[in-house]
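Worksheet: one structure, shown below.
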Amino acid sequence: MKIQHPFRTALIATLGVGVGILILTGVQTLSTVLLYIGTALFLALGLDPVVSFFERRGLPRWGALLATFAGLLAIATALVLIVVPVLVDQIAKLVQQIQTLVESAVDQEWNPVTVARDWLTQTFPLLQVDMVFSYVNQWWNGLDFAEIGASLGTGLLSFGAGIVATATGTIIVLILTIYFTASMRSLKRSVYQLAPASKRERFVGLSEQITASVGYYVMGQVVLGAINGILSAIFLTIIKAPFPAVLAVIAFFFSLIPLVGTLTGSAIIVLACLGLASPLTALVALVWYLVYMQVEAYFLSPRIMSRAVSVPGAVVVIAALAGGSLLGLLGALIAIPVAASVLIIYRQVLIPRQNEL
């Protein structure tokens, strides 16, 4: 029996560990790039059913792609035209109101401390207001404003850098999405060539089922979001909620997040109605969204998602929690189609193979 030299064995093991560490370091370094690629590929798979729909209507491939991208551009432009003017108008009003308060304070026509003290005294007559303001004054005098200013400046720089990074990432994802959507067929063919010829047909069939499941899932979430956004815009306009267009856009985008998206968006809208309108408006909005969430969970979602995924409820919850913990929002978005893909492989590959043994 041939005896391995200890030094050679140790050297090979060390090199193996080093290569493994190098690969993990490279993946961590490229995590942002991989995230961009994964997001773009996920969106491209969602757009592929739309392109196929136009192709079935007689359009050539390039015409179907052009129609798809034109529709997306029109939707994005409409959202910008709805949201941006309202935001600009409300920010201008807020700045004007702050400016008026500052001028009143300078002219000693309005003292926020006096206003707060009087309000607390009238609202809470049993509260020792003077003691509360004494504690607040001691806390205020103990603040290190130089340190706070430095922290605030650092935070603003980080916030600005985050905005720039987000905008850059969005542009990169959009470009990659357009490229992946246009070259989806060639990308699939390239991947299919990796499978052995004897098993290629089976591999192609499973891959087509998985990509179709992902695509229909994305489109299903968009449809659910659009339904929530449109109904929210109509309802919030009827009850005269503040900024119904902006709140409807919030409802649309949060509905794209599985499980907790509709609940979170509804909570934000109800709180906005409570703070900016009246308790009655917030109560009516709360009742509406409680009813809508039941309709979405038991009527809309099962019918819209029937072509996309067939995943048990417990698996949906576990997949969404695991995906959110690993990759944040993107992980929560892709967790359910990934779970559906795993179930397809389990049902059509593992189970038949076990039955043959």
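In the structure tokens, each chain is lettered A, B, ... as it comes, each chain's residues begin at 1, and ligands are numbered from 1 in order of appearance.
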Review point. Contacts of region 183-190 of chain A at 9 Å or less, counting only C-alpha atoms, minus same-chain residues fewer than 4 places along, as a list of chain:residue names?
Key: A:Ala44, A:Leu45, A:Asp48, A:Ile178, A:Tyr179, A:Leu194, A:Val204, A:Ser207, A:Glu208
Review point. Can you list, as a ChimeraX atom specification, every protein, DNA or RNA residue that comes within 10 Å of Met219 (chain A) when you count only C-alpha atoms, leaving out same-chain residues fewer than 5 positions away?
Key: /A:43,45-50,214,224-225,256,304-305,308
Taking N, CA, C and O atoms for each residue, export the selection above as a short mmCIF file (atom, residue, chain, number, x, y, z; two decimals), in the first residue's frame.
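out.cif, written as the output of this step:
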data_model
loop_
_atom_site.label_atom_id
_atom_site.label_comp_id
_atom_site.auth_asym_id
_atom_site.auth_seq_id
_atom_site.Cartn_x
_atom_site.Cartn_y
_atom_site.Cartn_z
N LEU A 43 -36.13 39.98 -12.08
CA LEU A 43 -37.05 40.86 -12.79
C LEU A 43 -37.20 40.45 -14.25
O LEU A 43 -38.29 40.53 -14.83
N LEU A 45 -36.95 37.42 -15.48
CA LEU A 45 -37.83 36.25 -15.52
C LEU A 45 -39.29 36.67 -15.35
O LEU A 45 -40.19 36.02 -15.90
N GLY A 46 -39.52 37.74 -14.59
CA GLY A 46 -40.88 38.23 -14.44
C GLY A 46 -41.41 38.90 -15.69
O GLY A 46 -42.61 38.85 -15.97
N LEU A 47 -40.52 39.52 -16.49
CA LEU A 47 -40.94 40.17 -17.72
C LEU A 47 -41.06 39.19 -18.88
O LEU A 47 -41.72 39.50 -19.88
N ASP A 48 -40.43 38.04 -18.76
CA ASP A 48 -40.44 37.08 -19.88
C ASP A 48 -41.86 36.64 -20.25
O ASP A 48 -42.16 36.52 -21.44
N PRO A 49 -42.78 36.36 -19.29
CA PRO A 49 -44.16 36.03 -19.71
C PRO A 49 -44.84 37.15 -20.48
O PRO A 49 -45.66 36.88 -21.37
N VAL A 50 -44.53 38.41 -20.16
CA VAL A 50 -45.12 39.53 -20.90
C VAL A 50 -44.61 39.54 -22.34
O VAL A 50 -45.39 39.72 -23.30
N VAL A 214 -41.23 31.22 -11.62
CA VAL A 214 -40.71 32.50 -11.13
C VAL A 214 -41.36 33.67 -11.87
O VAL A 214 -41.76 34.68 -11.26
N LEU A 224 -51.32 41.87 -7.96
CA LEU A 224 -51.87 42.11 -6.63
C LEU A 224 -51.57 43.53 -6.16
O LEU A 224 -52.42 44.21 -5.56
N GLY A 225 -50.33 43.99 -6.40
CA GLY A 225 -49.98 45.36 -6.02
C GLY A 225 -50.79 46.39 -6.77
O GLY A 225 -51.23 47.40 -6.20
N LEU A 256 -46.00 44.43 -3.10
CA LEU A 256 -45.06 43.58 -3.82
C LEU A 256 -44.29 42.67 -2.87
O LEU A 256 -43.71 41.67 -3.31
N ILE A 304 -54.93 34.40 -8.51
CA ILE A 304 -53.89 35.01 -9.33
C ILE A 304 -52.63 34.16 -9.31
O ILE A 304 -51.94 34.01 -10.32
N MET A 305 -52.32 33.56 -8.15
CA MET A 305 -51.08 32.80 -8.00
C MET A 305 -51.23 31.32 -8.38
O MET A 305 -50.29 30.56 -8.26
N ALA A 308 -48.77 30.31 -10.85
CA ALA A 308 -47.37 30.61 -10.53
C ALA A 308 -46.75 29.59 -9.60
O ALA A 308 -45.82 28.88 -9.95
#
Check your understanding: How many Å separate CA of Phe252 (chain A) from CA of Asn228 (chain A)?
Key ->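 Going from CA of Phe252 (chain A) over to CA of Asn228 (chain A) covers 5.9 Å.
In this model, the gap between CA of Leu271 (chain A) and CA of Ala335 (chain A) comes to 29.1 Å.
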Exercise for review: Find the residues near region 69-85 of chain A: any atom within 10 Å, counting only C-alpha atoms, skip ones fewer than 6 places away on the same chain, and give them as a list of chain:residue names.
Suggested key: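 Within the cut-off, the hits are A:Leu47, A:Val51, A:Gly63, A:Ile91, A:Ile178, A:Thr181, A:Phe243, A:Ala245, A:Val246, A:Leu247, A:Ala248, A:Val249.
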**Study point:** Exercise: Tyr292 (chain A) partners within 12 Å, only C-alpha atoms, chain neighbours under 2 positions left out, as an MDAnalysis selection string
**Key:** chainID A and resid 224 227:229 231:232 235 251 255 262:263 266 285:290 294:301
Dump as a PDB file, in the first residue's frame, selection limited to N, CA and C atoms:
ATOM      1  N   LEU A 224     -51.321  41.872  -7.965  1.00  0.00           N
ATOM      2  CA  LEU A 224     -51.874  42.115  -6.631  1.00  0.00           C
ATOM      3  C   LEU A 224     -51.567  43.534  -6.156  1.00  0.00           C
ATOM      4  N   ILE A 227     -53.824  45.982  -8.056  1.00  0.00           N
ATOM      5  CA  ILE A 227     -55.199  45.965  -7.535  1.00  0.00           C
ATOM      6  C   ILE A 227     -55.286  46.754  -6.229  1.00  0.00           C
ATOM      7  N   ASN A 228     -54.335  46.525  -5.332  1.00  0.00           N
ATOM      8  CA  ASN A 228     -54.337  47.245  -4.057  1.00  0.00           C
ATOM      9  C   ASN A 228     -54.148  48.737  -4.282  1.00  0.00           C
ATOM     10  N   GLY A 229     -53.225  49.109  -5.186  1.00  0.00           N
ATOM     11  CA  GLY A 229     -52.979  50.519  -5.440  1.00  0.00           C
ATOM     12  C   GLY A 229     -54.183  51.226  -6.036  1.00  0.00           C
ATOM     13  N   LEU A 231     -57.463  50.273  -5.989  1.00  0.00           N
ATOM     14  CA  LEU A 231     -58.567  50.333  -5.021  1.00  0.00           C
ATOM     15  C   LEU A 231     -58.275  51.325  -3.899  1.00  0.00           C
ATOM     16  N   SER A 232     -56.997  51.395  -3.474  1.00  0.00           N
ATOM     17  CA  SER A 232     -56.631  52.353  -2.429  1.00  0.00           C
ATOM     18  C   SER A 232     -56.813  53.780  -2.908  1.00  0.00           C
ATOM     19  N   PHE A 235     -60.623  54.467  -2.940  1.00  0.00           N
ATOM     20  CA  PHE A 235     -61.195  54.527  -1.598  1.00  0.00           C
ATOM     21  C   PHE A 235     -60.695  55.743  -0.822  1.00  0.00           C
ATOM     22  N   ALA A 251     -49.245  51.810  -1.072  1.00  0.00           N
ATOM     23  CA  ALA A 251     -49.968  50.532  -1.036  1.00  0.00           C
ATOM     24  C   ALA A 251     -49.487  49.607  -2.148  1.00  0.00           C
ATOM     25  N   SER A 255     -47.335  46.107  -1.418  1.00  0.00           N
ATOM     26  CA  SER A 255     -48.008  44.861  -1.776  1.00  0.00           C
ATOM     27  C   SER A 255     -47.104  43.926  -2.569  1.00  0.00           C
ATOM     28  N   THR A 262     -48.582  43.885   2.477  1.00  0.00           N
ATOM     29  CA  THR A 262     -49.886  44.545   2.535  1.00  0.00           C
ATOM     30  C   THR A 262     -50.193  45.038   3.942  1.00  0.00           C
ATOM     31  N   LEU A 263     -49.856  44.246   4.942  1.00  0.00           N
ATOM     32  CA  LEU A 263     -50.089  44.654   6.333  1.00  0.00           C
ATOM     33  C   LEU A 263     -49.279  45.892   6.687  1.00  0.00           C
ATOM     34  N   SER A 266     -50.615  48.964   4.789  1.00  0.00           N
ATOM     35  CA  SER A 266     -51.899  49.390   5.360  1.00  0.00           C
ATOM     36  C   SER A 266     -51.694  50.120   6.685  1.00  0.00           C
ATOM     37  N   ALA A 285     -60.374  53.813   7.318  1.00  0.00           N
ATOM     38  CA  ALA A 285     -59.296  53.192   6.551  1.00  0.00           C
ATOM     39  C   ALA A 285     -58.882  51.860   7.166  1.00  0.00           C
ATOM     40  N   LEU A 286     -58.841  51.790   8.508  1.00  0.00           N
ATOM     41  CA  LEU A 286     -58.478  50.539   9.180  1.00  0.00           C
ATOM     42  C   LEU A 286     -59.476  49.434   8.852  1.00  0.00           C
ATOM     43  N   VAL A 287     -60.763  49.746   8.902  1.00  0.00           N
ATOM     44  CA  VAL A 287     -61.788  48.743   8.582  1.00  0.00           C
ATOM     45  C   VAL A 287     -61.656  48.297   7.126  1.00  0.00           C
ATOM     46  N   TRP A 288     -61.430  49.258   6.238  1.00  0.00           N
ATOM     47  CA  TRP A 288     -61.285  48.924   4.813  1.00  0.00           C
ATOM     48  C   TRP A 288     -60.132  47.960   4.583  1.00  0.00           C
ATOM     49  N   TYR A 289     -58.987  48.245   5.156  1.00  0.00           N
ATOM     50  CA  TYR A 289     -57.813  47.406   4.886  1.00  0.00           C
ATOM     51  C   TYR A 289     -57.903  46.058   5.593  1.00  0.00           C
ATOM     52  N   LEU A 290     -58.583  46.005   6.728  1.00  0.00           N
ATOM     53  CA  LEU A 290     -58.813  44.699   7.363  1.00  0.00           C
ATOM     54  C   LEU A 290     -59.670  43.819   6.449  1.00  0.00           C
ATOM     55  N   GLN A 294     -58.377  40.326   4.008  1.00  0.00           N
ATOM     56  CA  GLN A 294     -59.058  39.031   3.990  1.00  0.00           C
ATOM     57  C   GLN A 294     -59.436  38.633   2.565  1.00  0.00           C
ATOM     58  N   VAL A 295     -59.933  39.601   1.806  1.00  0.00           N
ATOM     59  CA  VAL A 295     -60.299  39.321   0.405  1.00  0.00           C
ATOM     60  C   VAL A 295     -59.064  38.931  -0.401  1.00  0.00           C
ATOM     61  N   GLU A 296     -57.957  39.630  -0.170  1.00  0.00           N
ATOM     62  CA  GLU A 296     -56.734  39.316  -0.898  1.00  0.00           C
ATOM     63  C   GLU A 296     -56.208  37.933  -0.526  1.00  0.00           C
ATOM     64  N   ALA A 297     -56.245  37.602   0.760  1.00  0.00           N
ATOM     65  CA  ALA A 297     -55.665  36.337   1.214  1.00  0.00           C
ATOM     66  C   ALA A 297     -56.482  35.136   0.763  1.00  0.00           C
ATOM     67  N   TYR A 298     -57.825  35.264   0.762  1.00  0.00           N
ATOM     68  CA  TYR A 298     -58.668  34.095   0.519  1.00  0.00           C
ATOM     69  C   TYR A 298     -59.313  34.079  -0.866  1.00  0.00           C
ATOM     70  N   PHE A 299     -59.258  35.197  -1.592  1.00  0.00           N
ATOM     71  CA  PHE A 299     -59.913  35.224  -2.899  1.00  0.00           C
ATOM     72  C   PHE A 299     -58.959  35.617  -4.026  1.00  0.00           C
ATOM     73  N   LEU A 300     -58.308  36.784  -3.896  1.00  0.00           N
ATOM     74  CA  LEU A 300     -57.480  37.283  -4.987  1.00  0.00           C
ATOM     75  C   LEU A 300     -56.198  36.476  -5.155  1.00  0.00           C
ATOM     76  N   SER A 301     -55.444  36.347  -4.069  1.00  0.00           N
ATOM     77  CA  SER A 301     -54.137  35.705  -4.165  1.00  0.00           C
ATOM     78  C   SER A 301     -54.213  34.250  -4.638  1.00  0.00           C
TER      79      SER A 301
END
Review point. Given the choices A:Leu65, A:Ile12, A:Ala197, A:Met293, which gets closest to Val260 (chain A) if the distance is worked out from only C-alpha atoms?
Key: A:Met293
Practice item. Name the closest residue to Ala64 (chain A) among the candidates A:Gly26, A:Ser31, A:Ala182, A:Leu326; distances are taken between atoms, counting only C-alpha atoms. Key: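 Using only C-alpha atoms, the shortest distance to Ala64 (chain A) belongs to A:Ala182.
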Report the closest atom pair, with its distance in Å rounded to one decimal, for each residue of region 173-270 of chain A that has an atom no farther than 12 Å from region 320-323 of chain A; count only C-alpha atoms, sort by chain and then rising residue number, and write it as CSV.
residue,atom,partner,partner_atom,distance
A:Ile257,CA,A:Ala320,CA,9.7
A:Pro258,CA,A:Ala320,CA,7.5
A:Leu259,CA,A:Ala320,CA,7.7
A:Val260,CA,A:Ala320,CA,9.5
A:Gly261,CA,A:Ala320,CA,11.4
Residue selection dump (all heavy atoms) as a JSON list (two decimals), in the first residue's frame:
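Everything below was put into selection_3.json:
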[["chain", "number", "residue", "atom", "x", "y", "z"],
["A", 257, "ILE", "N", -44.27, 43.02, -1.59],
["A", 257, "ILE", "CA", -43.56, 42.21, -0.59],
["A", 257, "ILE", "C", -44.51, 41.13, -0.10],
["A", 257, "ILE", "O", -45.62, 41.42, 0.36],
["A", 257, "ILE", "CB", -43.10, 43.09, 0.59],
["A", 257, "ILE", "CG1", -42.26, 44.26, 0.09],
["A", 257, "ILE", "CG2", -42.32, 42.27, 1.59],
["A", 257, "ILE", "CD1", -41.91, 45.26, 1.16],
["A", 258, "PRO", "N", -44.11, 39.87, -0.17],
["A", 258, "PRO", "CA", -45.03, 38.80, 0.26],
["A", 258, "PRO", "C", -45.24, 38.80, 1.77],
["A", 258, "PRO", "O", -44.42, 39.29, 2.54],
["A", 258, "PRO", "CB", -44.31, 37.51, -0.20],
["A", 258, "PRO", "CG", -42.86, 37.90, -0.28],
["A", 258, "PRO", "CD", -42.84, 39.34, -0.69],
["A", 259, "LEU", "N", -46.37, 38.25, 2.17],
["A", 259, "LEU", "CA", -46.75, 38.04, 3.58],
["A", 259, "LEU", "C", -47.02, 39.34, 4.32],
["A", 259, "LEU", "O", -48.16, 39.66, 4.62],
["A", 259, "LEU", "CB", -45.69, 37.22, 4.32],
["A", 259, "LEU", "CG", -45.52, 35.76, 3.87],
["A", 259, "LEU", "CD1", -44.45, 35.07, 4.70],
["A", 259, "LEU", "CD2", -46.83, 35.02, 3.98],
["A", 260, "VAL", "N", -45.98, 40.12, 4.61],
["A", 260, "VAL", "CA", -46.13, 41.28, 5.50],
["A", 260, "VAL", "C", -46.27, 42.59, 4.73],
["A", 260, "VAL", "O", -46.46, 43.63, 5.35],
["A", 260, "VAL", "CB", -44.93, 41.37, 6.47],
["A", 260, "VAL", "CG1", -44.86, 40.15, 7.35],
["A", 260, "VAL", "CG2", -43.62, 41.53, 5.70],
["A", 261, "GLY", "N", -46.16, 42.55, 3.41],
["A", 261, "GLY", "CA", -46.16, 43.80, 2.65],
["A", 261, "GLY", "C", -47.46, 44.56, 2.75],
["A", 261, "GLY", "O", -47.48, 45.76, 3.07]]
Check your understanding: Could you state the separation of CA of Ile239 (chain A) and CA of Val284 (chain A) in Å, given to one decimal place?
Key -> 8.1 Å
Point to revise | Those of region 218-261 of chain A in DSSP alpha helix (DSSP H), formatted as a ChimeraX atom specification | key: /A:218-238,244-255,261
Using only C-alpha atoms, please write the residues we just selected to a file, as an mmCIF file, in the first residue's frame.
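In the end it all went to result.cif:
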data_model
loop_
_atom_site.group_PDB
_atom_site.id
_atom_site.type_symbol
_atom_site.label_atom_id
_atom_site.label_comp_id
_atom_site.auth_asym_id
_atom_site.auth_seq_id
_atom_site.Cartn_x
_atom_site.Cartn_y
_atom_site.Cartn_z
ATOM 1 C CA VAL A 218 -43.449 38.100 -10.230
ATOM 2 C CA MET A 219 -46.326 39.042 -12.502
ATOM 3 C CA GLY A 220 -48.814 37.808 -9.906
ATOM 4 C CA GLN A 221 -47.282 40.025 -7.216
ATOM 5 C CA VAL A 222 -47.379 43.005 -9.585
ATOM 6 C CA VAL A 223 -51.055 42.345 -10.342
ATOM 7 C CA LEU A 224 -51.874 42.115 -6.631
ATOM 8 C CA GLY A 225 -49.979 45.356 -6.024
ATOM 9 C CA ALA A 226 -51.807 47.092 -8.876
ATOM 10 C CA ILE A 227 -55.199 45.965 -7.535
ATOM 11 C CA ASN A 228 -54.337 47.245 -4.057
ATOM 12 C CA GLY A 229 -52.979 50.519 -5.440
ATOM 13 C CA ILE A 230 -55.989 51.229 -7.670
ATOM 14 C CA LEU A 231 -58.567 50.333 -5.021
ATOM 15 C CA SER A 232 -56.631 52.353 -2.429
ATOM 16 C CA ALA A 233 -56.570 55.411 -4.693
ATOM 17 C CA ILE A 234 -60.353 55.204 -5.241
ATOM 18 C CA PHE A 235 -61.195 54.527 -1.598
ATOM 19 C CA LEU A 236 -58.827 57.111 -0.109
ATOM 20 C CA THR A 237 -60.172 59.738 -2.494
ATOM 21 C CA ILE A 238 -63.741 58.937 -1.444
ATOM 22 C CA PRO A 244 -54.445 59.738 -1.711
ATOM 23 C CA ALA A 245 -52.127 59.420 -4.734
ATOM 24 C CA VAL A 246 -49.005 59.075 -2.583
ATOM 25 C CA LEU A 247 -50.707 56.640 -0.206
ATOM 26 C CA ALA A 248 -51.923 54.569 -3.159
ATOM 27 C CA VAL A 249 -48.361 54.329 -4.476
ATOM 28 C CA ILE A 250 -47.250 53.209 -0.990
ATOM 29 C CA ALA A 251 -49.968 50.532 -1.036
ATOM 30 C CA PHE A 252 -48.788 49.338 -4.467
ATOM 31 C CA PHE A 253 -45.106 49.026 -3.614
ATOM 32 C CA PHE A 254 -45.637 47.405 -0.222
ATOM 33 C CA SER A 255 -48.008 44.861 -1.776
ATOM 34 C CA GLY A 261 -46.157 43.799 2.645
#
